[in-house]
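Step one of this worksheet: look at the structure below.
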Amino acid sequence: MLNKFSNTILILLIALCSCKSDSNNNIIIIDPENAIEKEVFLSQFAIDISYIPLENQILFRHPTRIETTEDRFIIANFPDNILSFNRNGNLLAEIGSRGRGPGEYNFGLYFTVDSENGLIYIYDRQTHKIIAYSFCGSFLKEFLINQFDGNFTDVFYSEGKIFLAGALLYGRPTYDWLILDTLGNLHSKKNNSIPEFKTNFPGIGRFLISKDDILYWNNYNDTIFRIQDYSFQPAMYFATGDFRRPHQVISLEEAGKYFDPRLMINTKSFLFIGYDLRKQLYTSYINKDDGDLIILGRTESRSIFDLPGIPNDIDAGPAFPPFYYFQEDGEEFLIGWIYAYRLKSHIESETFKNFTPKYPEKKKELEKVAASLDENDNPVLMLVKLKN
């Protein structure tokens, strides 16, 4: 375990040597200042893409989180509720309901799934409680966690434990993470070692999950940690430099200039990263074999709902924005989504009509999907199967 001083020295040495990774430990260093922009297509990563229109019985704006089980997608609908769909996009259930009473959540964007026991745990940041529901949406139990003085911005379930990702509430750090049992009892924790500072921007904490790996990161710390029950160790680093957001009060205009990681996805071979820098939103990736950060796309919009996508040469469809990752039956998948009206608009564009994809038959299938949609329909999930 690294203490604060040794961790800082290690980061400085890495930055001075301008290394992409630690050759001895194969630790990835995420350095947007040395990112490479090149033309990369979806077929480099994937062998297939499919589209799943979501039933319109309950209309919603955009997904903020998607979890999967063997037979369903469970989706947080910003900012109202959590919905369960089968793999064909048919609505199965609304999970709980909004409110401040027993069995209700006021802010349900953070949830996690216990697939083995058919449970959904929601962390309600407003009421400081964790609520358990069945897959059919019925309330089962809840417990308060206000005895833990901290701000949490992610939740994850694994093997009977609930992991809560801590964040820096306007420069006031408490925990990097807590690990609780399913009754709310503390299993283990890690305090955040950053000294308190003044800022007008909240820090987010996130888990970076793959099948056998749980990592933690936030947008102010330099180190991305691998969590191993009661212990932890550095797994990756954000490079240091003037491009990082300073630990001080800054204007909204100034904030847009700095590197701000928003999303990370960890697959077997690649690390996908969405981040802000110099008033643009980027989608990039790192091939774990060489450590290079490659820019896939950028946009002037800085809304995470407009995350730039990977150019789609598989079926000539819209660029694929990687939002979520899961493994199933030994295969890897990414999930993205697109508004129905944007999908229809893309199909009507000259770019689509004139592009010859790798699989022309899939282009015809996509045309049929788009023709079945109304522009006011719910968003459409994009499911990508990765190469082995």
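Simple scheme: letters A, B, ... for chains in structure tokens order, numbers from 1 for residues in each chain, numbers from 1 for ligands in the order shown.
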Open item on the list: For the strand (DSSP E) assignment from backbone DSSP, which residues of stretch 71-146 of chain A qualify? Please present them as a PyMOL selection string.
Closed with: chain A and resi 72-77+81-86+91-95+110-114+119-124+129-134+139-144
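Residues with any atom within 12 Å of A:Ile227, counting only C-alpha atoms and excluding same-chain neighbours fewer than 6 positions away, are Met1, Ser158, Phe163, Leu164, Ala165, Asp176, Trp177, Leu178, Ile179, Ser188, Lys189, Lys190, Phe207, Leu208, Ile209, Asp212, Asp213, Ile214, Leu215, Tyr216, Trp217, Gln233, Pro234 and Ala235 of chain A.
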Task: stretch 40-43 of chain A environment, 6 Å, only C-alpha atoms, sequence neighbours closer than 4 positions dropped, as a ChimeraX atom specification - done: /A:310-312
- [ ] Would you mind listing what lies within 8 Å of A:Ser303 as a ChimeraX atom specification, with only C-alpha atoms counted and same-chain residues fewer than 3 positions away left out?
- [x] /A:281,306-307
Task: For atom CA of A:Ile122 and atom CA of A:Ser210, the interatomic separation in Å (one decimal) - done: 20.4 Å
- [ ] May I have the residues within 12 Å of A:Asp276 as a PyMOL selection string, using only C-alpha atoms and disregarding those fewer than 2 positions away in the same chain?
- [x] chain A and resi 32+219+243-245+255-263+273-274+278-284+297-304+306-308
Open item on the list: Report as JSON, numbers by chain all protein, DNA and RNA residues lying within 9 Å of A:Asp292, evaluated on only C-alpha atoms, omitting residues in the same chain fewer than 3 positions from it.
Closed with: {"A": [20, 30, 31, 34, 35, 36, 285, 286, 287, 288, 289]}
Go ahead and save the residues from that selection, with N, CA and C atoms, as an mmCIF file, in the first residue's frame.
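Once everything was written out, this is selection_16.cif:
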data_model
loop_
_atom_site.group_PDB
_atom_site.id
_atom_site.type_symbol
_atom_site.label_atom_id
_atom_site.label_comp_id
_atom_site.auth_asym_id
_atom_site.auth_seq_id
_atom_site.Cartn_x
_atom_site.Cartn_y
_atom_site.Cartn_z
ATOM 1 N N LYS A 20 4.603 5.912 -21.116
ATOM 2 C CA LYS A 20 3.199 5.569 -21.308
ATOM 3 C C LYS A 20 2.760 4.556 -20.267
ATOM 4 N N ILE A 30 -2.659 7.344 -18.258
ATOM 5 C CA ILE A 30 -3.591 8.026 -19.144
ATOM 6 C C ILE A 30 -3.137 9.467 -19.314
ATOM 7 N N ASP A 31 -2.640 9.801 -20.500
ATOM 8 C CA ASP A 31 -2.032 11.102 -20.742
ATOM 9 C C ASP A 31 -2.672 11.750 -21.976
ATOM 10 N N ASN A 34 -0.643 13.701 -24.781
ATOM 11 C CA ASN A 34 0.108 12.970 -25.807
ATOM 12 C C ASN A 34 -0.788 12.013 -26.587
ATOM 13 N N ALA A 35 -2.085 12.314 -26.633
ATOM 14 C CA ALA A 35 -3.012 11.468 -27.382
ATOM 15 C C ALA A 35 -2.748 11.573 -28.873
ATOM 16 N N ILE A 36 -3.034 10.490 -29.584
ATOM 17 C CA ILE A 36 -2.816 10.398 -31.024
ATOM 18 C C ILE A 36 -4.176 10.357 -31.712
ATOM 19 N N TYR A 285 -9.356 5.652 -26.714
ATOM 20 C CA TYR A 285 -9.109 4.318 -26.163
ATOM 21 C C TYR A 285 -7.616 4.085 -26.024
ATOM 22 N N ILE A 286 -7.273 3.144 -25.165
ATOM 23 C CA ILE A 286 -5.894 2.696 -24.994
ATOM 24 C C ILE A 286 -5.847 1.198 -25.264
ATOM 25 N N ASN A 287 -4.987 0.797 -26.180
ATOM 26 C CA ASN A 287 -4.694 -0.615 -26.362
ATOM 27 C C ASN A 287 -3.727 -1.021 -25.249
ATOM 28 N N LYS A 288 -4.105 -1.976 -24.435
ATOM 29 C CA LYS A 288 -3.296 -2.321 -23.264
ATOM 30 C C LYS A 288 -1.934 -2.899 -23.632
ATOM 31 N N ASP A 289 -1.773 -3.325 -24.889
ATOM 32 C CA ASP A 289 -0.479 -3.879 -25.302
ATOM 33 C C ASP A 289 0.588 -2.816 -25.483
#
